[in-house]
Amino acid sequence: MLKRHARAACTALAAAGLLLAGTGGATADPAPAVPSAAATLRTADAAPELLAAMQRDLGLTPTQAKARLAHEAEAGATAARLRDRLGAAFAGAWVDGADSAVLTVATTRAADTAAIRATGARAKLVTRTLADLDGAKAALDRAAGPATPVRYVDPRSNTLVVEEAEAGAAARLLAATGTDAALVTVVRTAEAPRPLYDLRGGDAYYMNGSGRCSVGFPVTKGTVNGFATAGHCGRAGTTTTGFNQVAQGSFQASVFPGNDMAWVAANANWSSTPYVKGSGGANVQVAGSVLQPVGASVCRSGSTTGWHCGTIQQHNTSVTYPEGTISGVTRTTVCAEPGDSGGSYISGSQAQGVTSGGSGNCSSGGTTFFQPLNPILSAYGLTLKVSGSDPGPGPGPEPGGTWKAGTVYAAGATVTHGGSTYRCIQGHQAQTGWEPPNVPALWQRV
């Protein structure tokens, strides 16, 4: 946890209209434009502050930083379609390269490799499915303690990784749960994730006058404005004041441990905006909440350390803090320091999650974990505040059916729209302009 305590002081897919030759030499009307994943996620609109932080922290050129966001958007959509197609044989996906131009998709079924390569991705044949490894991790999570503080599935090695803070701790955990040691890679860690406290400045909020955290993402619930943040920052009823010490609102709901999620409802003096505070106080626009794949770039804004970037290492990670275990968080290489708890993680213009905790610092480097945002939005019925960009009517039938803007859809969810059925391939909160026929990066017709 990373709160401060008072006492401690492009490649875009081809979408241009192609002319089809008809009978008698006649030319058909141009095919309707279908937006690429990069266009849907608005990677071209990335703020200069975000691109500059990517260049600094990831060692990229300006061209690589821009290309990386576009490649990651397309890779996420391609991986999602393949996950849907491969079903139970799917064993994970990740991107590599300075500009994330290489997507690898793993499967346990040799017959799938040709279909994977046909999309332009690399195929990797492995022995364990993602579901098998996730199941093994769940068994370890139920028995893990502070001596084995972090567990996650690493798709690159097709193993379950257990970090141990003391020699032999992982072996004892495996023996206690009856887990096959062949599934597991043990990593010795010198630092376990821990609470961090402080009171130094930045864009922050204060809880009951005794501590502070960083704002996550502005949201609305009906006519009420507020923001999502980390659950360990406060409990339901905890009052807050803003960065300027003006009365702000109160926690409406909070979960910690188990998850690390909460939301604060603000009073009428505060309005939600579609921005994250960037370097020098500049506004970085938020356009959606599509979770990016393993290997993708991600940047964090916090009240102590400001903008820092890194990459997504694993999703669905479990972390055991002294207060208990949280599951379903994402592990990253982004650094953080005391006071950054609750702050924003963003990839391009897509909100990823809120800072939960970690180890290390921004001088020597570190590891951090974020609570994904979509589960917070779904649990509390919140709507992420996004920058206005309604692309208008797109290809496909007229609106109608069960699809609804504001709903958080998980991968695999099905809806109807205009008389057709669609399956979600990338989890996100729906918004106007993202109707299923308009965004093939998010929905697949079935």
# chains A, B, ... in the order shown; residues from 1 in each chain; ligands from 1
call {"tool": "select_by_dssp", "arguments": {"residues": "stretch 189-340 of chain A", "states": "strand (DSSP E)", "output": "NGL selection string"}}
result
:A and (204-207 or 211-214 or 217-221 or 224-229 or 239-241 or 247-255 or 261-266 or 275-277 or 283-285 or 297-302 or 306-321 or 324-332)
call {"tool": "closest_atom_pairs", "arguments": {"of": "stretch 167-186 of chain A", "to": "stretch 124-146 of chain A", "cutoff": "8 Å", "atoms": "only C-alpha atoms", "output": "CSV"}}
result
residue,atom,partner,partner_atom,distance
A:Leu173,CA,A:Ala144,CA,6.7
A:Leu174,CA,A:Leu140,CA,7.4
A:Ala176,CA,A:Ala143,CA,7.8
A:Thr177,CA,A:Leu140,CA,6.6
A:Thr179,CA,A:Ala136,CA,7.0
A:Leu183,CA,A:Leu133,CA,7.6
call {"tool": "closest_residue", "arguments": {"among": "A:Ala247, A:Ala114, A:Ala262, A:Ala77", "to": "A:Trp443", "atoms": "only C-alpha atoms"}}
result
A:Ala77
call {"tool": "select_by_dssp", "arguments": {"residues": "stretch 97-338 of chain A", "states": "alpha helix (DSSP H)", "output": "ChimeraX atom specification"}}
result
/A:113-118,130-143,169-177
call {"tool": "closest_residue", "arguments": {"among": "A:Ser387, A:Val286, A:Ser214, A:Gln313", "to": "A:Glu337", "atoms": "only C-alpha atoms"}}
result
A:Ser214
call {"tool": "closest_residue", "arguments": {"among": "A:Trp263, A:Phe251, A:Phe90, A:Tyr409", "to": "A:Cys424", "atoms": "only C-alpha atoms"}}
result
A:Tyr409
call {"tool": "atom_distance", "arguments": {"atom1": "atom CA of A:Ile326", "atom2": "atom CA of A:Gly348"}}
result
26.4 Å
call {"tool": "residues_around", "arguments": {"residues": "A:Ile425", "least_positions_apart": "6", "cutoff": "9 Å", "atoms": "only C-alpha atoms", "output": "list of chain:residue names"}}
result
A:Ala77, A:Ala79, A:Ala80, A:Arg81, A:Arg83, A:Asp84, A:Ala410, A:Ala411, A:Gly412, A:Ala413, A:Pro440, A:Ala441, A:Leu442, A:Trp443, A:Gln444
call {"tool": "write_last_selection", "arguments": {"atoms": "all heavy atoms", "output": "CSV table (one decimal), in the first residue's frame"}}
result
chain,number,residue,atom,x,y,z
A,77,ALA,N,-6.4,-6.3,-29.2
A,77,ALA,CA,-7.6,-6.8,-29.9
A,77,ALA,C,-7.3,-8.1,-30.6
A,77,ALA,O,-8.2,-9.0,-30.6
A,77,ALA,CB,-8.0,-5.7,-31.0
A,79,ALA,N,-5.1,-10.5,-29.7
A,79,ALA,CA,-5.1,-11.5,-28.6
A,79,ALA,C,-6.4,-11.8,-28.1
A,79,ALA,O,-6.7,-13.0,-27.8
A,79,ALA,CB,-4.2,-11.0,-27.5
A,80,ALA,N,-7.3,-10.8,-28.0
A,80,ALA,CA,-8.7,-11.1,-27.5
A,80,ALA,C,-9.4,-12.0,-28.5
A,80,ALA,O,-10.2,-12.9,-28.0
A,80,ALA,CB,-9.4,-9.8,-27.3
A,81,ARG,N,-9.3,-11.7,-29.8
A,81,ARG,CA,-10.0,-12.5,-30.7
A,81,ARG,C,-9.5,-14.0,-30.7
A,81,ARG,O,-10.3,-14.9,-30.8
A,81,ARG,CB,-9.8,-11.9,-32.1
A,81,ARG,CG,-10.5,-10.6,-32.3
A,81,ARG,CD,-10.4,-10.1,-33.8
A,81,ARG,NE,-10.9,-8.8,-33.9
A,81,ARG,CZ,-10.0,-7.7,-34.1
A,81,ARG,NH1,-8.7,-8.0,-34.1
A,81,ARG,NH2,-10.5,-6.5,-34.2
A,83,ARG,N,-8.0,-15.5,-28.1
A,83,ARG,CA,-8.5,-16.1,-26.9
A,83,ARG,C,-9.9,-16.6,-27.0
A,83,ARG,O,-10.2,-17.7,-26.6
A,83,ARG,CB,-8.4,-15.1,-25.7
A,83,ARG,CG,-8.9,-15.6,-24.4
A,83,ARG,CD,-8.9,-14.5,-23.4
A,83,ARG,NE,-9.8,-13.4,-23.8
A,83,ARG,CZ,-9.6,-12.1,-23.4
A,83,ARG,NH1,-8.5,-11.7,-22.7
A,83,ARG,NH2,-10.4,-11.2,-23.8
A,84,ASP,N,-10.7,-15.8,-27.7
A,84,ASP,CA,-12.1,-16.3,-27.9
A,84,ASP,C,-12.1,-17.5,-28.8
A,84,ASP,O,-12.9,-18.4,-28.6
A,84,ASP,CB,-12.9,-15.1,-28.5
A,84,ASP,CG,-14.4,-15.4,-28.6
A,84,ASP,OD1,-15.0,-15.5,-27.6
A,84,ASP,OD2,-14.9,-15.5,-29.8
A,410,ALA,N,-17.4,-7.7,-19.3
A,410,ALA,CA,-16.2,-8.5,-19.2
A,410,ALA,C,-16.1,-9.3,-20.4
A,410,ALA,O,-17.0,-9.6,-21.2
A,410,ALA,CB,-16.3,-9.5,-18.0
A,411,ALA,N,-14.8,-9.8,-20.8
A,411,ALA,CA,-14.6,-10.6,-21.9
A,411,ALA,C,-15.5,-11.9,-21.8
A,411,ALA,O,-15.5,-12.5,-20.8
A,411,ALA,CB,-13.2,-11.0,-22.0
A,412,GLY,N,-16.2,-12.2,-22.9
A,412,GLY,CA,-17.1,-13.3,-22.9
A,412,GLY,C,-18.6,-13.0,-22.7
A,412,GLY,O,-19.4,-13.8,-23.0
A,413,ALA,N,-18.8,-11.7,-22.2
A,413,ALA,CA,-20.2,-11.3,-22.1
A,413,ALA,C,-20.9,-11.2,-23.5
A,413,ALA,O,-20.2,-10.8,-24.5
A,413,ALA,CB,-20.3,-10.0,-21.4
A,440,PRO,N,-15.0,-3.3,-33.7
A,440,PRO,CA,-14.6,-4.7,-33.7
A,440,PRO,C,-13.4,-5.1,-32.8
A,440,PRO,O,-13.1,-6.2,-32.6
A,440,PRO,CB,-14.2,-4.9,-35.2
A,440,PRO,CG,-13.9,-3.5,-35.7
A,440,PRO,CD,-14.8,-2.6,-35.0
A,441,ALA,N,-12.7,-4.0,-32.3
A,441,ALA,CA,-11.6,-4.3,-31.3
A,441,ALA,C,-12.2,-4.7,-30.0
A,441,ALA,O,-11.5,-5.3,-29.2
A,441,ALA,CB,-10.8,-3.0,-31.1
A,442,LEU,N,-13.5,-4.5,-29.7
A,442,LEU,CA,-14.1,-4.8,-28.5
A,442,LEU,C,-15.2,-5.8,-28.5
A,442,LEU,O,-15.5,-6.5,-27.5
A,442,LEU,CB,-14.7,-3.5,-27.8
A,442,LEU,CG,-13.7,-2.3,-27.7
A,442,LEU,CD1,-14.4,-1.1,-27.0
A,442,LEU,CD2,-12.5,-2.7,-26.8
A,443,TRP,N,-15.8,-6.0,-29.7
A,443,TRP,CA,-17.0,-6.9,-29.8
A,443,TRP,C,-16.8,-7.7,-31.1
A,443,TRP,O,-16.3,-7.2,-32.1
A,443,TRP,CB,-18.3,-6.1,-29.9
A,443,TRP,CG,-18.7,-5.4,-28.6
A,443,TRP,CD1,-18.4,-4.1,-28.4
A,443,TRP,CD2,-19.3,-6.0,-27.5
A,443,TRP,NE1,-18.9,-3.8,-27.1
A,443,TRP,CE2,-19.5,-4.9,-26.6
A,443,TRP,CE3,-19.8,-7.2,-27.2
A,443,TRP,CZ2,-20.1,-5.1,-25.3
A,443,TRP,CZ3,-20.4,-7.4,-26.0
A,443,TRP,CH2,-20.6,-6.4,-25.1
A,444,GLN,N,-17.3,-9.0,-31.0
A,444,GLN,CA,-17.3,-9.9,-32.1
A,444,GLN,C,-18.7,-10.4,-32.4
A,444,GLN,O,-19.3,-10.9,-31.5
A,444,GLN,CB,-16.3,-11.0,-31.9
A,444,GLN,CG,-16.2,-12.0,-33.1
A,444,GLN,CD,-14.9,-12.9,-32.9
A,444,GLN,OE1,-13.8,-12.4,-32.9
A,444,GLN,NE2,-15.2,-14.1,-32.7
call {"tool": "atom_distance", "arguments": {"atom1": "atom CA of A:Gln431", "atom2": "atom CA of A:Ala33"}}
result
19.4 Å
call {"tool": "residues_around", "arguments": {"residues": "A:Val184", "least_positions_apart": "6", "cutoff": "7 Å", "atoms": "only C-alpha atoms", "output": "PyMOL selection string"}}
result
chain A and resi 159-162
call {"tool": "closest_atom_pairs", "arguments": {"of": "stretch 136-215 of chain A", "to": "stretch 228-236 of chain A", "cutoff": "9 Å", "atoms": "only C-alpha atoms", "output": "JSON lines"}}
result
{"residue": "A:Met207", "atom": "CA", "partner": "A:Gly234", "partner_atom": "CA", "distance": 6.9}
{"residue": "A:Asn208", "atom": "CA", "partner": "A:Gly234", "partner_atom": "CA", "distance": 8.9}
{"residue": "A:Gly211", "atom": "CA", "partner": "A:Cys233", "partner_atom": "CA", "distance": 8.3}
{"residue": "A:Arg212", "atom": "CA", "partner": "A:Cys233", "partner_atom": "CA", "distance": 7.5}
{"residue": "A:Cys213", "atom": "CA", "partner": "A:Cys233", "partner_atom": "CA", "distance": 6.4}
{"residue": "A:Ser214", "atom": "CA", "partner": "A:Thr229", "partner_atom": "CA", "distance": 7.5}
{"residue": "A:Val215", "atom": "CA", "partner": "A:Thr229", "partner_atom": "CA", "distance": 6.0}
call {"tool": "closest_residue", "arguments": {"among": "A:Arg56, A:His315, A:Lys66, A:Arg42", "to": "A:Ala93", "atoms": "only C-alpha atoms"}}
result
A:His315
call {"tool": "closest_residue", "arguments": {"among": "A:Val255, A:Ala266, A:Ala75, A:Val334", "to": "A:Trp94", "atoms": "only C-alpha atoms"}}
result
A:Ala75
call {"tool": "atom_distance", "arguments": {"atom1": "atom CA of A:Gly310", "atom2": "atom CA of A:Ala296"}}
result
8.5 Å
call {"tool": "decode", "arguments": {"residues": "stretch 83-98 of chain A", "atoms": "all heavy atoms", "output": "JSON list (two decimals), in the first residue's frame"}}
result
[["chain", "number", "residue", "atom", "x", "y", "z"],
["A", 83, "ARG", "N", -8.02, -15.47, -28.12],
["A", 83, "ARG", "CA", -8.46, -16.09, -26.86],
["A", 83, "ARG", "C", -9.88, -16.63, -27.02],
["A", 83, "ARG", "O", -10.20, -17.74, -26.58],
["A", 83, "ARG", "CB", -8.41, -15.06, -25.74],
["A", 83, "ARG", "CG", -8.90, -15.59, -24.37],
["A", 83, "ARG", "CD", -8.90, -14.47, -23.35],
["A", 83, "ARG", "NE", -9.76, -13.39, -23.76],
["A", 83, "ARG", "CZ", -9.58, -12.11, -23.44],
["A", 83, "ARG", "NH1", -8.53, -11.74, -22.72],
["A", 83, "ARG", "NH2", -10.43, -11.18, -23.85],
["A", 84, "ASP", "N", -10.72, -15.85, -27.67],
["A", 84, "ASP", "CA", -12.10, -16.28, -27.90],
["A", 84, "ASP", "C", -12.15, -17.50, -28.80],
["A", 84, "ASP", "O", -12.93, -18.43, -28.57],
["A", 84, "ASP", "CB", -12.89, -15.11, -28.52],
["A", 84, "ASP", "CG", -14.38, -15.40, -28.62],
["A", 84, "ASP", "OD1", -15.02, -15.53, -27.57],
["A", 84, "ASP", "OD2", -14.88, -15.50, -29.75],
["A", 85, "ARG", "N", -11.30, -17.52, -29.82],
["A", 85, "ARG", "CA", -11.29, -18.63, -30.78],
["A", 85, "ARG", "C", -10.66, -19.90, -30.19],
["A", 85, "ARG", "O", -11.16, -21.01, -30.42],
["A", 85, "ARG", "CB", -10.53, -18.22, -32.03],
["A", 85, "ARG", "CG", -10.39, -19.34, -33.07],
["A", 85, "ARG", "CD", -9.81, -18.82, -34.37],
["A", 85, "ARG", "NE", -9.65, -19.89, -35.35],
["A", 85, "ARG", "CZ", -9.26, -19.71, -36.61],
["A", 85, "ARG", "NH1", -9.02, -18.48, -37.04],
["A", 85, "ARG", "NH2", -9.14, -20.73, -37.44],
["A", 86, "LEU", "N", -9.58, -19.75, -29.42],
["A", 86, "LEU", "CA", -8.86, -20.91, -28.90],
["A", 86, "LEU", "C", -9.57, -21.57, -27.72],
["A", 86, "LEU", "O", -9.35, -22.75, -27.44],
["A", 86, "LEU", "CB", -7.45, -20.52, -28.48],
["A", 86, "LEU", "CG", -6.55, -19.90, -29.55],
["A", 86, "LEU", "CD1", -5.16, -19.66, -29.00],
["A", 86, "LEU", "CD2", -6.49, -20.76, -30.80],
["A", 87, "GLY", "N", -10.39, -20.81, -27.03],
["A", 87, "GLY", "CA", -11.14, -21.37, -25.91],
["A", 87, "GLY", "C", -10.24, -21.91, -24.82],
["A", 87, "GLY", "O", -9.28, -21.26, -24.38],
["A", 88, "ALA", "N", -10.50, -23.14, -24.38],
["A", 88, "ALA", "CA", -9.79, -23.72, -23.25],
["A", 88, "ALA", "C", -8.30, -23.92, -23.52],
["A", 88, "ALA", "O", -7.51, -24.04, -22.58],
["A", 88, "ALA", "CB", -10.42, -25.06, -22.87],
["A", 89, "ALA", "N", -7.88, -23.97, -24.78],
["A", 89, "ALA", "CA", -6.47, -24.19, -25.10],
["A", 89, "ALA", "C", -5.62, -22.92, -24.95],
["A", 89, "ALA", "O", -4.39, -22.99, -24.97],
["A", 89, "ALA", "CB", -6.33, -24.72, -26.53],
["A", 90, "PHE", "N", -6.25, -21.77, -24.79],
["A", 90, "PHE", "CA", -5.52, -20.50, -24.70],
["A", 90, "PHE", "C", -4.62, -20.51, -23.47],
["A", 90, "PHE", "O", -5.02, -20.91, -22.38],
["A", 90, "PHE", "CB", -6.51, -19.34, -24.60],
["A", 90, "PHE", "CG", -5.88, -17.99, -24.48],
["A", 90, "PHE", "CD1", -5.27, -17.39, -25.57],
["A", 90, "PHE", "CD2", -5.90, -17.31, -23.27],
["A", 90, "PHE", "CE1", -4.69, -16.13, -25.45],
["A", 90, "PHE", "CE2", -5.33, -16.05, -23.14],
["A", 90, "PHE", "CZ", -4.73, -15.47, -24.24],
["A", 91, "ALA", "N", -3.37, -20.08, -23.65],
["A", 91, "ALA", "CA", -2.40, -20.12, -22.55],
["A", 91, "ALA", "C", -1.72, -18.78, -22.31],
["A", 91, "ALA", "O", -0.67, -18.72, -21.68],
["A", 91, "ALA", "CB", -1.35, -21.19, -22.83],
["A", 92, "GLY", "N", -2.32, -17.70, -22.80],
["A", 92, "GLY", "CA", -1.78, -16.37, -22.53],
["A", 92, "GLY", "C", -1.24, -15.68, -23.77],
["A", 92, "GLY", "O", -1.05, -16.30, -24.82],
["A", 93, "ALA", "N", -1.00, -14.38, -23.64],
["A", 93, "ALA", "CA", -0.47, -13.58, -24.74],
["A", 93, "ALA", "C", 0.33, -12.44, -24.16],
["A", 93, "ALA", "O", 0.09, -11.99, -23.04],
["A", 93, "ALA", "CB", -1.61, -13.05, -25.61],
["A", 94, "TRP", "N", 1.31, -11.94, -24.95],
["A", 94, "TRP", "CA", 2.13, -10.83, -24.49],
["A", 94, "TRP", "C", 2.77, -10.15, -25.69],
["A", 94, "TRP", "O", 2.84, -10.71, -26.77],
["A", 94, "TRP", "CB", 3.20, -11.31, -23.52],
["A", 94, "TRP", "CG", 4.15, -12.33, -24.07],
["A", 94, "TRP", "CD1", 5.36, -12.12, -24.67],
["A", 94, "TRP", "CD2", 3.96, -13.76, -24.10],
["A", 94, "TRP", "NE1", 5.94, -13.30, -25.04],
["A", 94, "TRP", "CE2", 5.10, -14.33, -24.71],
["A", 94, "TRP", "CE3", 2.94, -14.61, -23.64],
["A", 94, "TRP", "CZ2", 5.24, -15.71, -24.89],
["A", 94, "TRP", "CZ3", 3.08, -15.97, -23.82],
["A", 94, "TRP", "CH2", 4.22, -16.51, -24.44],
["A", 95, "VAL", "N", 3.23, -8.92, -25.47],
["A", 95, "VAL", "CA", 3.91, -8.17, -26.51],
["A", 95, "VAL", "C", 5.37, -7.98, -26.12],
["A", 95, "VAL", "O", 5.72, -7.94, -24.94],
["A", 95, "VAL", "CB", 3.26, -6.80, -26.78],
["A", 95, "VAL", "CG1", 1.88, -6.99, -27.38],
["A", 95, "VAL", "CG2", 3.19, -5.96, -25.51],
["A", 96, "ASP", "N", 6.23, -7.85, -27.14],
["A", 96, "ASP", "CA", 7.66, -7.64, -26.94],
["A", 96, "ASP", "C", 8.16, -6.60, -27.94],
["A", 96, "ASP", "O", 7.48, -6.25, -28.91],
["A", 96, "ASP", "CB", 8.44, -8.95, -27.16],
["A", 96, "ASP", "CG", 8.23, -9.95, -26.04],
["A", 96, "ASP", "OD1", 8.51, -9.61, -24.88],
["A", 96, "ASP", "OD2", 7.77, -11.07, -26.33],
["A", 97, "GLY", "N", 9.38, -6.14, -27.70],
["A", 97, "GLY", "CA", 10.01, -5.17, -28.59],
["A", 97, "GLY", "C", 9.87, -3.76, -28.07],
["A", 97, "GLY", "O", 8.92, -3.44, -27.35],
["A", 98, "ALA", "N", 10.80, -2.89, -28.43],
["A", 98, "ALA", "CA", 10.77, -1.51, -27.96],
["A", 98, "ALA", "C", 9.46, -0.82, -28.31],
["A", 98, "ALA", "O", 8.95, 0.00, -27.54],
["A", 98, "ALA", "CB", 11.95, -0.74, -28.55]]
